[in-house]
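What follows is one structure encoded as C-alpha cells, with my remarks underneath.
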Amino acid sequence: MLATLLACGAPDAPVNAPRQVTEPRADLFAREVSEVVDGIHVAIGYGLANSILIEGDGGVIVVDTMESGAAATEVLAAFRAITDDPVVAVVLTHNHADHVFGSAVFAADPSVPIYAHASTAEQIHRVVSVVSDTLQVRSLRMFGDPLPHTDNSGIGPELRFDPADIALRMPTHTVQDRLELEIAGVQLQLVHAPGETDDQLFVYLPERGVLLPGDNIYQAFPNTYTIRGTPHRDVNAWVSSLDAMRDLAPTVLIPSHTRPVLGADAVQDVLTAYRDGIQYVHDQTVRGMNRGRTPDELAHEVRLPPHLAAHPWLQEHYGRVPWSVRGVYHGYMGWFDADAAHLEPLPPDERARRYARAFTEETSLQEQARAALDASDPAWAAELATLWVRAAPDNADAKQLLAESLDALAEGQINRNAVNWYRTAAGELRGDWVITPYDPARTSASMLQALPLSSFMRAMPTRLDPVATADVDEVVAFEFTDVGQTWVLHVRRGVAELRQRDATGIDVRLVTTAQTWKEVASTARNPAGAVASGDIVVEGGLLTVARVLSWFR
C-alpha cells in the first residue's frame, strides 16, 4: 500500500530518471524588457535573474538588481530607454547574489533607499564571509561556469558573477514582517514571506493586483534544496508564504526568474500547483520517515502525482524532487538515516580500498566498472569508478573511467544543475580545469567598503585552525578607531569566542581602522605594510600581527 501511494510510474522504469520534456526552455530567457502591464516592466535574459521596473510619478522603483555591475548597467540602460525618471527606491527581495550585487548601479545616489528584510544583510554576510570558499566552488559547478553557455541555467540564461565586478549597496531600510508605503505615488506592500530563503520578501501593488513573489516561485520545480549548498529551507513556511500570496487573489504575477503570468485564474493555478507540489513532497517524505524509510529509499519512492508532474511550472529544470526529499529528511532528522551500519562508518577512502580488495577476489572492480559503462549503465559505472578513484587516487585510468561515466550521466538530463555538475566534475578529473575559491585579493574596493565590519570579524571564528591553537589561551582586542567599535576575541584551545565588549582582561591590543582590517582580512593588503605605515598599531608589531593571523586559515 505504501509503495502504491508513494510511487508514480511502473516499477521497472529507470530509477530516478528526470522526465524528458520538449519545451524549449531557452525561449523563456530571450533577452528583452517586457511591459507586463502599463508602467511595469521586467528585464529578462540579462543574467540569471530578472530586474523589475515600476514607474511612478516622477520616479521609478527597481525590484532586484542583477548579479554584477555589468549586468546591472545593461539593464539600467534598457530601463533608461523607457524613462529618464530617477530611481527613487530599490527593493531587494532576498539575499542571493543574482538579486543584490548590482544594487549600487541602480542606487548610485546614496540617498536612494534600499529596502530588504531585516535579516538580508546578515545572510549576505554568511555567503560572502563564513562559507564563501566552499560556496563559490560549489556554485561554479552547479552553474557550469567552465562550460560553454549554449543553453541555460534552468531559471535564467547564465550567472554573470565576477568577484571583481560586485556593485553592492547594503540595505538602508528594513522590513521585519510587513511594511506598507507609498513611493512616487505607487502603493506598495512589502511582506516577509520565507521560502527559498528565510529573508524573502514579496512585493504587492494592491491597487493593481500585481504580485512580485521574488524567488518563491519560478517556472521550474523549486530548489527546496540546492546542490550548491544552503541552510535548511523550511518548506512549510514556503507553503504558507504561497498561501498568503494566493489569498491576495492577484491578477498579475511577475517572478524574479522566468516570465510573468497574466490573469487571475492563471495566477491562481500556478500558485496553487506550486504550493501543492512542495507540500506533497514534504508530506510524503514525512509519512515515509514515520514508517521507517531511509532518505535513500524515499528519494527513489516519492514522486509527484501525475497532475503535478505534468504541470509546466513543476518540471525539474532547476530543483529536483529527490533532492527535495533529502532536504526535508535532513531538516527533520539530520544526517543519520537510522541504519545502524551507518552510525560509525569507515572513512570513505578506507571503505573504497576494502571494496577494491573484495572485488579483486573474483571480477575486478575496474573490469566491473568498465563493463557497466559499456552496457550503458553509467550510474553503476560511476559508483564503481568512484570507489576505484578513492582506492587509487593517482590512477589516470580510474579518473578517465569516472569522467566518462559522468559525461554519460549528463547525456539526456534536463536538469541543468545536474548536467553542469556532471560535466564540470568530469573536466576536473581529466585536468581540463581546476576549480578553486576566488582569490580574496581580487575583491573590489567598493565591495570591501560596502560590507560591514561585522562580516569580517564574525567570519574569524569559522576559520580558526584548531591544531595551531590547541595550546593557545589568549585574548585579543581589536579597536577600530573610525567606527568606535571594540571586538574582543578569546582564542581558547581551538575555540574562538568573539564579542563586542570593553577591552578588559586582554593579552593583545590591536588598534586600526575598519577599512584597514577589511583589506588585511581579505588579503587585499599586506599586513607588514599596514604595520609599517602605522595603520595597524600593536605591541610587538608585525610579529604579533603575524602570529594572530597564523591562527586563521
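Chain labels run A, B, ... following the order of the C-alpha cells; each chain numbers its residues from 1, and ligands are numbered from 1 in the order shown.
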Can you tell me, as a ChimeraX atom specification, which residues in segment 157-352 of chain A count as alpha helix (DSSP H) by DSSP? /A:235-247,264-290,295-301,306-309,321-333,348-352
Counting only C-alpha atoms, what is within 12 Å of Pro148 of chain A, bar same-chain residues fewer than 3 positions away, as a VMD selection string? chain A and resid 143 to 145 151 to 153 157 to 158 420 423 to 424
Next, write the just-selected residues to a file, as a PDB file, in the first residue's frame, keeping C-alpha atoms as the atom set.
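Ended up saving to part17.pdb:
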```pdb
ATOM      1  CA  PHE A 143      26.032  26.791 -12.766  1.00  0.00           C
ATOM      2  CA  GLY A 144      28.627  25.133 -15.028  1.00  0.00           C
ATOM      3  CA  ASP A 145      30.906  28.155 -15.077  1.00  0.00           C
ATOM      4  CA  ASP A 151      21.803  26.546 -23.309  1.00  0.00           C
ATOM      5  CA  ASN A 152      20.669  27.946 -19.950  1.00  0.00           C
ATOM      6  CA  SER A 153      20.998  27.550 -16.204  1.00  0.00           C
ATOM      7  CA  PRO A 157      20.491  32.109 -19.293  1.00  0.00           C
ATOM      8  CA  GLU A 158      23.593  32.144 -17.067  1.00  0.00           C
ATOM      9  CA  ASN A 420      26.648  21.175 -15.113  1.00  0.00           C
ATOM     10  CA  ARG A 423      30.325  17.719 -16.863  1.00  0.00           C
ATOM     11  CA  THR A 424      32.281  20.109 -14.678  1.00  0.00           C
TER      12      THR A 424
END
```
At a cut-off of 12 Å, using only C-alpha atoms, what residues contact Val548 of chain A? Leave out same-chain residues fewer than 5 positions from it and give the result as a VMD selection string. chain A and resid 460 464 to 465 468 to 469 472 to 478 489 to 491 496 507 to 510 521 527 538 540 to 543 553
For Asp27 of chain A, work out the shell of residues within 12 Å, counting only C-alpha atoms and skipping chain neighbours fewer than 6 positions away, then give it as a PyMOL selection string. chain A and resi 44-45+151-152+154-157+258-259
Which residue, A:Gly195, A:Pro250, A:Pro171, A:Gly327, has the smallest gap to Gly209 of chain A when you use only C-alpha atoms?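 For Gly209 of chain A, the nearest of the given residues is A:Pro250.
In this comparison, which uses only C-alpha atoms, the residue of A:Arg493, A:Arg463, A:His173, A:Arg178 approaching Val191 of chain A most closely is A:Arg178.
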If we count only C-alpha atoms, what is near segment 237-247 of chain A at a cut-off of 6 Å, once residues fewer than 4 positions away on the same chain are taken out, given as a list in words?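 These residues fall inside the cut-off: Ala193, Pro194, Gly195 and Arg275 of chain A.
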Taking 5 positions as the minimum chain separation for residues in the same chain, which residues sit within 10 Å of Asp349 of chain A when counting only C-alpha atoms? Answer as a ChimeraX atom specification. /A:354-355,387-393
Contacts of Glu196 of chain A at 8 Å or less, counting only C-alpha atoms, minus same-chain residues fewer than 6 places along, as a list in words?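 Residues near the query, excluding close chain neighbours: Asp215, Asn216, Pro222, Asn223, Thr224, Arg233 and Trp238 of chain A.
With atom CA of Asn95 of chain A on one side and atom CA of Gly334 of chain A on the other, the separation reads 25.0 Å.
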